[in-house]
$ cat model.cif   # mmCIF, C-alpha atoms
data_run
#
loop_
_atom_site.group_PDB
_atom_site.id
_atom_site.type_symbol
_atom_site.label_atom_id
_atom_site.label_comp_id
_atom_site.auth_asym_id
_atom_site.auth_seq_id
_atom_site.Cartn_x
_atom_site.Cartn_y
_atom_site.Cartn_z
ATOM 1 C CA MET Q 1422 0.000 0.000 0.000
ATOM 2 C CA ILE Q 1423 1.507 3.268 -1.016
ATOM 3 C CA GLY Q 1424 2.826 5.293 1.807
ATOM 4 C CA LEU Q 1425 1.454 3.452 4.797
ATOM 5 C CA LEU Q 1426 2.861 0.508 6.650
ATOM 6 C CA LEU Q 1427 0.508 -2.436 6.887
ATOM 7 C CA TRP Q 1428 0.402 -4.367 10.108
ATOM 8 C CA ARG Q 1429 -1.067 -7.682 9.086
ATOM 9 C CA SER Q 1430 -3.025 -9.470 11.723
ATOM 10 C CA ALA Q 1431 -5.336 -12.443 11.918
ATOM 11 C CA LEU Q 1432 -8.454 -10.320 11.635
ATOM 12 C CA THR Q 1433 -7.747 -7.257 9.573
ATOM 13 C CA PRO Q 1434 -4.928 -5.330 7.982
ATOM 14 C CA ILE Q 1435 -4.379 -2.270 10.133
ATOM 15 C CA ARG Q 1436 -2.983 0.824 8.491
ATOM 16 C CA HIS Q 1437 -0.644 2.471 10.920
ATOM 17 C CA SER Q 1438 2.262 4.828 10.460
ATOM 18 C CA THR Q 1439 4.444 6.103 13.252
ATOM 19 C CA PHE Q 1440 5.701 9.661 13.201
ATOM 20 C CA ASP Q 1441 9.334 10.599 13.662
ATOM 21 C CA PRO Q 1442 9.371 14.037 15.323
ATOM 22 C CA THR Q 1443 13.082 14.541 14.665
ATOM 23 C CA ALA Q 1444 12.705 14.111 10.898
ATOM 24 C CA PHE Q 1445 9.108 15.363 10.936
ATOM 25 C CA ALA Q 1446 8.207 12.393 8.768
ATOM 26 C CA TRP Q 1447 5.959 9.345 8.806
ATOM 27 C CA GLU Q 1448 7.229 5.797 8.525
ATOM 28 C CA GLY Q 1449 6.694 4.549 4.981
ATOM 29 C CA VAL Q 1450 5.599 7.929 3.623
ATOM 30 C CA THR Q 1451 7.887 9.628 1.126
ATOM 31 C CA GLY Q 1452 7.758 13.319 0.360
ATOM 32 C CA ARG Q 1453 7.258 14.118 -3.312
ATOM 33 C CA ALA Q 1454 7.248 17.226 -5.433
ATOM 34 C CA TYR Q 1455 4.190 19.377 -4.774
ATOM 35 C CA LYS Q 1456 3.196 19.326 -8.436
ATOM 36 C CA ASP Q 1457 4.714 17.577 -11.401
ATOM 37 C CA ASP Q 1458 3.783 20.290 -13.842
ATOM 38 C CA PRO Q 1459 2.621 23.611 -12.425
ATOM 39 C CA GLY Q 1460 2.225 25.145 -15.869
ATOM 40 C CA THR Q 1461 3.279 28.612 -16.822
ATOM 41 C CA ALA Q 1462 0.085 30.537 -16.062
ATOM 42 C CA ARG Q 1463 0.350 33.660 -13.940
ATOM 43 C CA GLY Q 1464 0.845 32.858 -10.254
ATOM 44 C CA MET Q 1465 1.104 29.111 -10.739
ATOM 45 C CA ALA Q 1466 4.821 28.904 -9.916
ATOM 46 C CA TRP Q 1467 5.755 27.332 -6.597
ATOM 47 C CA GLN Q 1468 8.933 26.879 -4.605
ATOM 48 C CA GLY Q 1469 10.266 24.653 -1.835
ATOM 49 C CA LEU Q 1470 7.197 22.479 -1.327
ATOM 50 C CA THR Q 1471 6.882 18.760 -0.668
ATOM 51 C CA ARG Q 1472 3.710 16.678 -0.555
ATOM 52 C CA HIS Q 1473 3.322 13.635 1.672
ATOM 53 C CA THR Q 1474 0.166 11.611 1.004
ATOM 54 C CA LEU Q 1475 -0.860 10.117 4.335
ATOM 55 C CA VAL Q 1476 -4.292 8.763 3.400
ATOM 56 C CA ARG Q 1477 -5.237 8.135 -0.207
ATOM 57 C CA ALA Q 1478 -8.805 7.764 -1.483
ATOM 58 C CA PRO Q 1479 -10.405 5.424 -2.280
ATOM 59 C CA GLU Q 1480 -7.842 2.821 -1.301
ATOM 60 C CA ALA Q 1481 -8.174 3.679 2.358
ATOM 61 C CA GLY Q 1482 -11.918 3.023 2.211
ATOM 62 C CA VAL Q 1483 -12.738 6.717 2.429
ATOM 63 C CA SER Q 1484 -13.655 9.387 -0.095
ATOM 64 C CA PHE Q 1485 -11.232 11.945 1.351
ATOM 65 C CA GLU Q 1486 -7.458 12.293 1.292
ATOM 66 C CA VAL Q 1487 -5.105 13.543 3.974
ATOM 67 C CA ARG Q 1488 -1.861 15.088 2.838
ATOM 68 C CA TYR Q 1489 0.988 16.800 4.679
ATOM 69 C CA PHE Q 1490 2.622 19.694 2.857
ATOM 70 C CA GLU Q 1491 5.868 21.227 3.986
ATOM 71 C CA ILE Q 1492 7.231 24.534 2.748
ATOM 72 C CA ALA Q 1493 10.904 25.361 3.145
ATOM 73 C CA PRO Q 1494 11.908 28.841 4.336
ATOM 74 C CA GLY Q 1495 11.139 31.300 1.566
ATOM 75 C CA GLY Q 1496 8.897 28.830 -0.243
ATOM 76 C CA PHE Q 1497 5.338 29.172 -1.478
ATOM 77 C CA SER Q 1498 2.573 27.211 -3.202
ATOM 78 C CA SER Q 1499 0.807 28.111 -6.433
ATOM 79 C CA LEU Q 1500 -1.666 30.990 -6.344
ATOM 80 C CA GLU Q 1501 -4.780 29.160 -7.477
ATOM 81 C CA LYS Q 1502 -8.484 28.539 -7.025
ATOM 82 C CA HIS Q 1503 -10.848 25.603 -7.445
ATOM 83 C CA GLU Q 1504 -14.267 24.464 -6.364
ATOM 84 C CA HIS Q 1505 -13.095 21.886 -3.840
ATOM 85 C CA VAL Q 1506 -12.447 22.934 -0.273
ATOM 86 C CA HIS Q 1507 -9.159 22.606 1.592
ATOM 87 C CA VAL Q 1508 -9.325 21.889 5.308
ATOM 88 C CA VAL Q 1509 -5.939 22.793 6.727
ATOM 89 C CA VAL Q 1510 -4.580 22.046 10.183
ATOM 90 C CA ALA Q 1511 -1.181 23.641 10.719
ATOM 91 C CA ALA Q 1512 1.360 21.177 12.060
ATOM 92 C CA ARG Q 1513 4.903 22.574 12.047
ATOM 93 C CA GLY Q 1514 6.386 26.029 12.374
ATOM 94 C CA HIS Q 1515 4.653 29.186 11.273
ATOM 95 C CA GLY Q 1516 3.366 30.428 7.952
ATOM 96 C CA LEU Q 1517 0.861 32.549 6.119
ATOM 97 C CA ALA Q 1518 -2.227 31.656 4.118
ATOM 98 C CA LEU Q 1519 -3.765 33.956 1.579
ATOM 99 C CA VAL Q 1520 -7.426 32.926 1.379
ATOM 100 C CA GLY Q 1521 -9.663 35.120 -0.747
ATOM 101 C CA ASP Q 1522 -8.691 38.660 0.239
ATOM 102 C CA THR Q 1523 -7.604 37.689 3.748
ATOM 103 C CA VAL Q 1524 -4.179 36.793 5.083
ATOM 104 C CA VAL Q 1525 -4.217 34.326 7.967
ATOM 105 C CA GLU Q 1526 -1.250 33.599 10.213
ATOM 106 C CA LEU Q 1527 -0.889 29.923 11.019
ATOM 107 C CA ALA Q 1528 0.741 28.245 14.002
ATOM 108 C CA PRO Q 1529 0.536 24.536 14.890
ATOM 109 C CA MET Q 1530 -3.028 23.195 15.194
ATOM 110 C CA ASP Q 1531 -4.614 26.385 13.842
ATOM 111 C CA ILE Q 1532 -7.367 25.546 11.351
ATOM 112 C CA VAL Q 1533 -8.281 27.334 8.155
ATOM 113 C CA GLU Q 1534 -10.521 26.382 5.227
ATOM 114 C CA THR Q 1535 -10.472 27.637 1.668
ATOM 115 C CA PRO Q 1536 -14.037 28.237 0.411
ATOM 116 C CA PRO Q 1537 -14.965 27.195 -3.135
ATOM 117 C CA PHE Q 1538 -13.157 29.277 -5.768
ATOM 118 C CA ALA Q 1539 -11.338 31.445 -3.237
ATOM 119 C CA PRO Q 1540 -7.845 32.255 -4.521
ATOM 120 C CA HIS Q 1541 -5.288 30.886 -2.084
ATOM 121 C CA ARG Q 1542 -1.556 30.584 -1.598
ATOM 122 C CA TRP Q 1543 0.529 29.233 1.295
ATOM 123 C CA VAL Q 1544 3.746 31.046 2.090
ATOM 124 C CA ASN Q 1545 6.631 30.476 4.470
ATOM 125 C CA PRO Q 1546 8.274 33.839 5.140
ATOM 126 C CA GLY Q 1547 10.243 32.506 8.113
ATOM 127 C CA ASP Q 1548 13.494 30.647 8.584
ATOM 128 C CA GLU Q 1549 12.103 27.300 9.777
ATOM 129 C CA PRO Q 1550 10.009 24.740 7.863
ATOM 130 C CA PHE Q 1551 6.281 25.388 7.792
ATOM 131 C CA GLY Q 1552 4.030 22.325 7.495
ATOM 132 C CA PHE Q 1553 0.333 21.599 7.526
ATOM 133 C CA LEU Q 1554 -2.135 18.760 7.146
ATOM 134 C CA CYS Q 1555 -4.584 19.310 4.296
ATOM 135 C CA THR Q 1556 -7.705 17.187 3.871
ATOM 136 C CA VAL Q 1557 -9.662 17.242 0.601
ATOM 137 C CA GLU Q 1558 -12.268 15.218 -1.255
ATOM 138 C CA GLY Q 1559 -10.711 12.385 -3.242
ATOM 139 C CA GLU Q 1560 -12.624 13.446 -6.361
ATOM 140 C CA ARG Q 1561 -11.947 17.104 -6.975
ATOM 141 C CA ASP Q 1562 -11.622 19.649 -9.745
ATOM 142 C CA ARG Q 1563 -8.343 20.910 -11.149
ATOM 143 C CA PRO Q 1564 -6.884 24.198 -9.924
ATOM 144 C CA SER Q 1565 -7.096 27.312 -12.091
ATOM 145 C CA PRO Q 1566 -5.079 30.510 -12.013
ATOM 146 C CA VAL Q 1567 -6.763 33.650 -10.700
ATOM 147 C CA ASP Q 1568 -8.436 35.873 -13.282
ATOM 148 C CA ASP Q 1569 -7.499 39.456 -14.154
ATOM 149 C CA ASP Q 1570 -9.887 41.033 -11.656
ATOM 150 C CA GLU Q 1571 -8.663 38.806 -8.832
ATOM 151 C CA TRP Q 1572 -5.029 39.538 -9.712
ATOM 152 C CA GLN Q 1573 -5.633 43.280 -9.727
ATOM 153 C CA ALA Q 1574 -7.563 43.105 -6.445
ATOM 154 C CA LEU Q 1575 -4.667 41.304 -4.789
ATOM 155 C CA LEU Q 1576 -2.142 43.821 -6.140
ATOM 156 C CA SER Q 1577 -4.206 46.831 -5.090
ATOM 157 C CA ASP Q 1578 -4.478 45.769 -1.441
ATOM 158 C CA PRO Q 1579 -1.259 46.301 0.536
ATOM 159 C CA ARG Q 1580 -2.128 43.318 2.742
ATOM 160 C CA THR Q 1581 -2.219 40.926 -0.202
ATOM 161 C CA ALA Q 1582 0.026 42.521 -2.848
ATOM 162 C CA SER Q 1583 3.049 40.416 -1.907
ATOM 163 C CA PHE Q 1584 1.077 37.224 -2.640
ATOM 164 C CA ALA Q 1585 0.550 38.169 -6.311
ATOM 165 C CA HIS Q 1586 3.690 36.970 -8.056
ATOM 166 C CA MET L 478 -21.607 28.562 12.214
ATOM 167 C CA ILE L 479 -21.230 25.994 14.945
ATOM 168 C CA GLY L 480 -17.777 25.753 16.342
ATOM 169 C CA LEU L 481 -15.792 27.837 13.912
ATOM 170 C CA LEU L 482 -15.166 31.527 13.858
ATOM 171 C CA LEU L 483 -16.151 33.224 10.631
ATOM 172 C CA TRP L 484 -13.914 35.941 9.308
ATOM 173 C CA ARG L 485 -16.138 37.894 6.983
ATOM 174 C CA SER L 486 -14.419 39.638 4.151
ATOM 175 C CA ALA L 487 -15.429 41.394 0.984
ATOM 176 C CA LEU L 488 -14.953 38.310 -1.153
ATOM 177 C CA THR L 489 -15.686 35.220 0.886
ATOM 178 C CA PRO L 490 -16.356 34.119 4.421
ATOM 179 C CA ILE L 491 -13.178 32.443 5.619
ATOM 180 C CA ARG L 492 -13.456 29.774 8.256
ATOM 181 C CA HIS L 493 -10.525 30.070 10.584
ATOM 182 C CA SER L 494 -9.978 29.001 14.155
ATOM 183 C CA THR L 495 -6.845 29.685 16.147
ATOM 184 C CA PHE L 496 -5.498 27.090 18.527
ATOM 185 C CA ASP L 497 -4.608 27.818 22.143
ATOM 186 C CA PRO L 498 -1.780 25.428 23.052
ATOM 187 C CA THR L 499 -2.081 26.176 26.765
ATOM 188 C CA ALA L 500 -5.735 25.137 26.918
ATOM 189 C CA PHE L 501 -5.335 22.700 23.998
ATOM 190 C CA ALA L 502 -8.491 24.166 22.536
ATOM 191 C CA TRP L 503 -9.687 25.960 19.400
ATOM 192 C CA GLU L 504 -11.251 29.385 19.411
ATOM 193 C CA GLY L 505 -15.016 29.056 19.084
ATOM 194 C CA VAL L 506 -15.017 25.263 19.458
ATOM 195 C CA THR L 507 -16.606 23.828 22.580
ATOM 196 C CA GLY L 508 -15.920 20.333 23.844
ATOM 197 C CA ARG L 509 -19.027 18.203 24.268
ATOM 198 C CA ALA L 510 -19.813 14.804 25.685
ATOM 199 C CA TYR L 511 -18.468 12.013 23.490
ATOM 200 C CA LYS L 512 -21.915 10.449 23.156
ATOM 201 C CA ASP L 513 -25.274 11.522 24.445
ATOM 202 C CA ASP L 514 -26.530 7.996 24.942
ATOM 203 C CA PRO L 515 -23.987 5.190 24.778
ATOM 204 C CA GLY L 516 -26.628 2.546 25.490
ATOM 205 C CA THR L 517 -26.146 -0.376 27.818
ATOM 206 C CA ALA L 518 -24.808 -2.988 25.389
ATOM 207 C CA ARG L 519 -21.646 -4.849 26.350
ATOM 208 C CA GLY L 520 -18.531 -2.722 25.923
ATOM 209 C CA MET L 521 -20.380 0.457 24.964
ATOM 210 C CA ALA L 522 -19.606 2.305 28.190
ATOM 211 C CA TRP L 523 -17.088 5.145 27.952
ATOM 212 C CA GLN L 524 -15.317 7.425 30.403
ATOM 213 C CA GLY L 525 -13.567 10.781 30.421
ATOM 214 C CA LEU L 526 -14.020 11.664 26.744
ATOM 215 C CA THR L 527 -14.830 14.951 25.071
ATOM 216 C CA ARG L 528 -15.613 15.579 21.407
ATOM 217 C CA HIS L 529 -14.714 18.827 19.639
ATOM 218 C CA THR L 530 -16.196 19.130 16.151
ATOM 219 C CA LEU L 531 -13.717 21.161 14.108
ATOM 220 C CA VAL L 532 -15.202 20.708 10.637
ATOM 221 C CA ARG L 533 -18.806 19.649 10.162
ATOM 222 C CA ALA L 534 -20.251 18.184 6.951
ATOM 223 C CA PRO L 535 -21.922 19.316 4.811
ATOM 224 C CA GLU L 536 -21.929 22.861 6.127
ATOM 225 C CA ALA L 537 -18.220 23.256 5.512
ATOM 226 C CA GLY L 538 -18.698 22.351 1.836
ATOM 227 C CA VAL L 539 -17.127 18.934 2.308
ATOM 228 C CA SER L 540 -18.470 15.429 2.789
ATOM 229 C CA PHE L 541 -16.083 14.654 5.652
ATOM 230 C CA GLU L 542 -15.900 15.754 9.261
ATOM 231 C CA VAL L 543 -12.880 16.483 11.418
ATOM 232 C CA ARG L 544 -13.246 16.014 15.137
ATOM 233 C CA TYR L 545 -10.798 16.243 18.038
ATOM 234 C CA PHE L 546 -11.335 13.753 20.847
ATOM 235 C CA GLU L 547 -9.612 14.056 24.174
ATOM 236 C CA ILE L 548 -9.468 11.303 26.767
ATOM 237 C CA ALA L 549 -8.690 12.112 30.389
ATOM 238 C CA PRO L 550 -6.232 9.906 32.293
ATOM 239 C CA GLY L 551 -7.900 6.557 32.906
ATOM 240 C CA GLY L 552 -10.554 7.228 30.287
ATOM 241 C CA PHE L 553 -11.672 5.163 27.318
ATOM 242 C CA SER L 554 -14.084 5.206 24.398
ATOM 243 C CA SER L 555 -16.795 2.657 23.614
ATOM 244 C CA LEU L 556 -15.684 -0.726 22.295
ATOM 245 C CA GLU L 557 -17.531 -0.721 18.982
ATOM 246 C CA LYS L 558 -17.448 -1.445 15.272
ATOM 247 C CA HIS L 559 -19.023 0.038 12.150
ATOM 248 C CA GLU L 560 -18.557 0.081 8.417
ATOM 249 C CA HIS L 561 -17.176 3.611 8.197
ATOM 250 C CA VAL L 562 -13.453 4.170 8.551
ATOM 251 C CA HIS L 563 -11.765 6.330 11.170
ATOM 252 C CA VAL L 564 -8.608 8.166 10.135
ATOM 253 C CA VAL L 565 -6.839 9.153 13.338
ATOM 254 C CA VAL L 566 -3.890 11.490 13.760
ATOM 255 C CA ALA L 567 -2.691 11.589 17.352
ATOM 256 C CA ALA L 568 -2.306 15.132 18.637
ATOM 257 C CA ARG L 569 -1.686 15.279 22.383
ATOM 258 C CA GLY L 570 -0.040 12.974 24.897
ATOM 259 C CA HIS L 571 0.091 9.235 24.545
ATOM 260 C CA GLY L 572 -2.548 6.531 24.350
ATOM 261 C CA LEU L 573 -3.504 3.145 23.057
ATOM 262 C CA ALA L 574 -5.779 2.056 20.240
ATOM 263 C CA LEU L 575 -7.301 -1.373 20.019
ATOM 264 C CA VAL L 576 -7.984 -1.932 16.322
ATOM 265 C CA GLY L 577 -9.165 -5.399 15.363
ATOM 266 C CA ASP L 578 -6.890 -7.740 17.300
ATOM 267 C CA THR L 579 -3.972 -5.304 17.374
ATOM 268 C CA VAL L 580 -2.989 -2.778 20.021
ATOM 269 C CA VAL L 581 -1.268 0.320 18.656
ATOM 270 C CA GLU L 582 0.630 2.836 20.767
ATOM 271 C CA LEU L 583 -0.020 6.407 19.701
ATOM 272 C CA ALA L 584 2.155 9.487 20.156
ATOM 273 C CA PRO L 585 1.564 12.905 18.544
ATOM 274 C CA MET L 586 1.220 12.796 14.736
ATOM 275 C CA ASP L 587 1.128 8.997 14.581
ATOM 276 C CA ILE L 588 -1.566 7.814 12.175
ATOM 277 C CA VAL L 589 -3.874 4.843 12.469
ATOM 278 C CA GLU L 590 -6.999 3.813 10.576
ATOM 279 C CA THR L 591 -9.815 1.530 11.643
ATOM 280 C CA PRO L 592 -10.850 -0.752 8.781
ATOM 281 C CA PRO L 593 -14.564 -1.423 8.159
ATOM 282 C CA PHE L 594 -16.144 -3.433 10.990
ATOM 283 C CA ALA L 595 -12.924 -3.740 12.972
ATOM 284 C CA PRO L 596 -13.704 -3.545 16.703
ATOM 285 C CA HIS L 597 -11.890 -0.568 18.188
ATOM 286 C CA ARG L 598 -11.456 1.278 21.461
ATOM 287 C CA TRP L 599 -9.227 4.223 22.422
ATOM 288 C CA VAL L 600 -7.709 4.157 25.903
ATOM 289 C CA ASN L 601 -5.645 6.558 27.964
ATOM 290 C CA PRO L 602 -3.681 4.513 30.506
ATOM 291 C CA GLY L 603 -1.384 7.424 31.382
ATOM 292 C CA ASP L 604 -1.571 10.415 33.674
ATOM 293 C CA GLU L 605 -1.778 13.168 31.044
ATOM 294 C CA PRO L 606 -4.586 13.920 28.560
ATOM 295 C CA PHE L 607 -4.513 11.916 25.337
ATOM 296 C CA GLY L 608 -6.029 13.600 22.270
ATOM 297 C CA PHE L 609 -6.383 12.836 18.588
ATOM 298 C CA LEU L 610 -7.880 14.201 15.405
ATOM 299 C CA CYS L 611 -10.387 11.839 13.815
ATOM 300 C CA THR L 612 -11.675 12.328 10.272
ATOM 301 C CA VAL L 613 -14.732 10.421 9.036
ATOM 302 C CA GLU L 614 -17.287 10.537 6.261
ATOM 303 C CA GLY L 615 -20.145 12.880 7.067
ATOM 304 C CA GLU L 616 -22.688 10.190 6.184
ATOM 305 C CA ARG L 617 -21.855 7.096 8.162
ATOM 306 C CA ASP L 618 -23.445 4.075 9.791
ATOM 307 C CA ARG L 619 -24.172 3.749 13.501
ATOM 308 C CA PRO L 620 -21.728 1.891 15.764
ATOM 309 C CA SER L 621 -22.570 -1.601 16.991
ATOM 310 C CA PRO L 622 -21.205 -3.557 19.938
ATOM 311 C CA VAL L 623 -18.843 -6.440 19.233
ATOM 312 C CA ASP L 624 -20.419 -9.874 18.875
ATOM 313 C CA ASP L 625 -19.848 -12.893 21.103
ATOM 314 C CA ASP L 626 -17.006 -14.297 19.026
ATOM 315 C CA GLU L 627 -15.225 -10.963 18.921
ATOM 316 C CA TRP L 628 -15.648 -10.505 22.657
ATOM 317 C CA GLN L 629 -14.244 -13.965 23.395
ATOM 318 C CA ALA L 630 -11.331 -13.423 20.998
ATOM 319 C CA LEU L 631 -10.412 -10.193 22.775
ATOM 320 C CA LEU L 632 -10.623 -11.860 26.194
ATOM 321 C CA SER L 633 -8.566 -14.873 25.136
ATOM 322 C CA ASP L 634 -5.609 -12.816 23.912
ATOM 323 C CA PRO L 635 -3.474 -11.405 26.739
ATOM 324 C CA ARG L 636 -2.608 -8.387 24.549
ATOM 325 C CA THR L 637 -6.235 -7.383 24.151
ATOM 326 C CA ALA L 638 -8.013 -8.813 27.219
ATOM 327 C CA SER L 639 -7.861 -5.530 29.139
ATOM 328 C CA PHE L 640 -9.807 -3.781 26.337
ATOM 329 C CA ALA L 641 -12.874 -6.036 26.789
ATOM 330 C CA HIS L 642 -14.847 -4.406 29.586
#

$ encode --input "model.cif" --output "structure tokens"
Amino acid sequence: MIGLLLWRSALTPIRHSTFDPTAFAWEGVTGRAYKDDPGTARGMAWQGLTRHTLVRAPEAGVSFEVRYFEIAPGGFSSLEKHEHVHVVVAARGHGLALVGDTVVELAPMDIVETPPFAPHRWVNPGDEPFGFLCTVEGERDRPSPVDDDEWQALLSDPRTASFAH
Amino acid sequence: MIGLLLWRSALTPIRHSTFDPTAFAWEGVTGRAYKDDPGTARGMAWQGLTRHTLVRAPEAGVSFEVRYFEIAPGGFSSLEKHEHVHVVVAARGHGLALVGDTVVELAPMDIVETPPFAPHRWVNPGDEPFGFLCTVEGERDRPSPVDDDEWQALLSDPRTASFAH
């Protein structure tokens, strides 16, 4: 099973993965590139991100997926939007989330959700890794870049201008 | 919105809840009794558990729910089974999970899943609170007690006997 250790037993296979706090990593789970092909559309570049798929749908018997994303100091995700909702629980370090026209500071265990079609970008402006759990529906739409109006709105607001790049 | 602070903005309402590490609690989220009526069936008793609903389906725009459960020292959940899967990420302290015929030790960020119809019970044998995030489908079946064969199997295995009460 990809990414999760199976403990076979007489009754049932139990999916279980121990966490290594020193490496901030889960046994059997490998970090991968955030996106294979981010495209060249405005805002879709990203930097310093790894994705760790902890629970994959539907193989886990659920319709949702749980991923851990980690952003290196100075890194950022794509500026994008989509219909599906992100439920984020911060897990390591500190970072910023642009969600719609709001910037949210995140510390471990803080929760933030991205509403449908809200532009969003995760940023690590600090000097330590910033990581978060992100749960999504297994079946979900593809991300899109922000449109011209959204881009201009971000640029025109001093709180959000630095997220439009 | 129950349990989550809304940050209203010009574009979108952003759901965001900050975490208080001292209280181990989320702003706007109140802990409630684990179950209103556990029933009197064998193994369904529970002790010292609170449930904090962090993300509720479908109001959050998702089909899954994210809850935080905390078990006081000496506490335990019902011994039960159901078709729906639990995805658990340990968050606070240390505890034990009976899953099927296996006992798993849990420390923060460890992950364990309960397969469909696997009997399970969460136990805090320590002297500090034990807490975990638990994600489930929003639409899910009701728990059932274990059957006679399952009960006897738990009792006959010295690793699991203490979970059958």

$ resolve_selection --input "model.cif" --expression "the PyMOL selection byres ((chain L and resi 604) around 10)" --output "CSV table (one decimal) with C-alpha atoms, keeping the file's coordinate frame"
chain,number,residue,atom,x,y,z
L,549,ALA,CA,-8.7,12.1,30.4
L,550,PRO,CA,-6.2,9.9,32.3
L,551,GLY,CA,-7.9,6.6,32.9
L,570,GLY,CA,0.0,13.0,24.9
L,571,HIS,CA,0.1,9.2,24.5
L,601,ASN,CA,-5.6,6.6,28.0
L,602,PRO,CA,-3.7,4.5,30.5
L,603,GLY,CA,-1.4,7.4,31.4
L,605,GLU,CA,-1.8,13.2,31.0
L,606,PRO,CA,-4.6,13.9,28.6
L,607,PHE,CA,-4.5,11.9,25.3

$ atom_distance --input "model.cif" --atom1 "CA of Glu1491 in chain Q" --atom2 "CA of His1437 in chain Q"
21.0 Å

$ interface_residues --input "model.cif" --of "chain Q" --to "chain L" --cutoff "8 Å" --atoms "only C-alpha atoms" --output "short mmCIF file (atom, residue, chain, number, x, y, z; two decimals) with C-alpha atoms, in the coordinates of the input"
data_model
loop_
_atom_site.label_atom_id
_atom_site.label_comp_id
_atom_site.auth_asym_id
_atom_site.auth_seq_id
_atom_site.Cartn_x
_atom_site.Cartn_y
_atom_site.Cartn_z
CA SER Q 1430 -3.02 -9.47 11.72
CA ALA Q 1431 -5.34 -12.44 11.92
CA LEU Q 1432 -8.45 -10.32 11.64
CA THR Q 1433 -7.75 -7.26 9.57
CA PRO Q 1434 -4.93 -5.33 7.98
CA ILE Q 1435 -4.38 -2.27 10.13
CA ARG Q 1436 -2.98 0.82 8.49
CA HIS Q 1437 -0.64 2.47 10.92
CA SER Q 1438 2.26 4.83 10.46
CA THR Q 1439 4.44 6.10 13.25
CA PHE Q 1440 5.70 9.66 13.20
CA TRP Q 1447 5.96 9.35 8.81
CA GLY Q 1482 -11.92 3.02 2.21
CA VAL Q 1483 -12.74 6.72 2.43
CA SER Q 1484 -13.66 9.39 -0.10
CA PHE Q 1485 -11.23 11.94 1.35
CA HIS Q 1505 -13.10 21.89 -3.84
CA VAL Q 1506 -12.45 22.93 -0.27
CA VAL Q 1520 -7.43 32.93 1.38
CA GLY Q 1521 -9.66 35.12 -0.75
CA ASP Q 1522 -8.69 38.66 0.24
CA THR Q 1523 -7.60 37.69 3.75
CA LEU Q 1527 -0.89 29.92 11.02
CA ALA Q 1528 0.74 28.24 14.00
CA PRO Q 1529 0.54 24.54 14.89
CA MET Q 1530 -3.03 23.20 15.19
CA ASP Q 1531 -4.61 26.38 13.84
CA ILE Q 1532 -7.37 25.55 11.35
CA VAL Q 1533 -8.28 27.33 8.15
CA GLU Q 1534 -10.52 26.38 5.23
CA THR Q 1535 -10.47 27.64 1.67
CA PRO Q 1536 -14.04 28.24 0.41
CA PRO Q 1537 -14.96 27.20 -3.14
CA ALA Q 1539 -11.34 31.44 -3.24
CA VAL Q 1557 -9.66 17.24 0.60
CA GLU Q 1558 -12.27 15.22 -1.25
#

$ axis_aligned_box --input "model.cif" --around "range 1487-1494 of chain Q" --padding-each-side "4 Å" --output "AutoDock Vina command-line options"
--center_x 3.4 --center_y 21.2 --center_z 3.7 --size_x 25.0 --size_y 23.3 --size_z 9.9

$ atom_distance --input "model.cif" --atom1 "CA of Gly552 in chain L" --atom2 "CA of Ala522 in chain L"
10.5 Å

$ atom_distance --input "model.cif" --atom1 "CA of Tyr1489 in chain Q" --atom2 "CA of Thr1474 in chain Q"
6.4 Å

$ resolve_selection --input "model.cif" --expression "the PyMOL selection byres ((chain L and resi 618) around 8)" --output "ChimeraX atom specification"
/L:559-561,616-617,619-620

$ write_last_selection --input "model.cif" --atoms "C-alpha atoms" --output "PDB file, in the frame of the given file"
ATOM      1  CA  HIS L 559     -19.023   0.038  12.150  1.00  0.00           C
ATOM      2  CA  GLU L 560     -18.557   0.081   8.417  1.00  0.00           C
ATOM      3  CA  HIS L 561     -17.176   3.611   8.197  1.00  0.00           C
ATOM      4  CA  GLU L 616     -22.688  10.190   6.184  1.00  0.00           C
ATOM      5  CA  ARG L 617     -21.855   7.096   8.162  1.00  0.00           C
ATOM      6  CA  ARG L 619     -24.172   3.749  13.501  1.00  0.00           C
ATOM      7  CA  PRO L 620     -21.728   1.891  15.764  1.00  0.00           C
TER       8      PRO L 620
END

$ closest_residue --input "model.cif" --among "L:Thr507, L:Pro535, L:Leu631, L:Pro622" --to "Arg519 in chain L" --atoms "only C-alpha atoms"
L:Pro622

$ residues_around --input "model.cif" --residues "Trp628 in chain L" --least-positions-apart "6" --cutoff "12 Å" --atoms "all atoms listed in the file" --output "list in words"
Arg519, Gly520, Leu556, Glu557, Lys558, Gly577, Asp578, Pro596, His597, Pro622, Asp634, Thr637, Ala638, Ser639, Phe640, Ala641 and His642 of chain L

$ closest_residue --input "model.cif" --among "L:Lys512, L:Ser633, L:Ile548, L:Val506" --to "Leu526 in chain L" --atoms "only C-alpha atoms"
L:Ile548

$ closest_residue --input "model.cif" --among "L:Arg598, L:Asp624, L:Leu573, L:Gly608" --to "His529 in chain L" --atoms "all atoms listed in the file"
L:Gly608
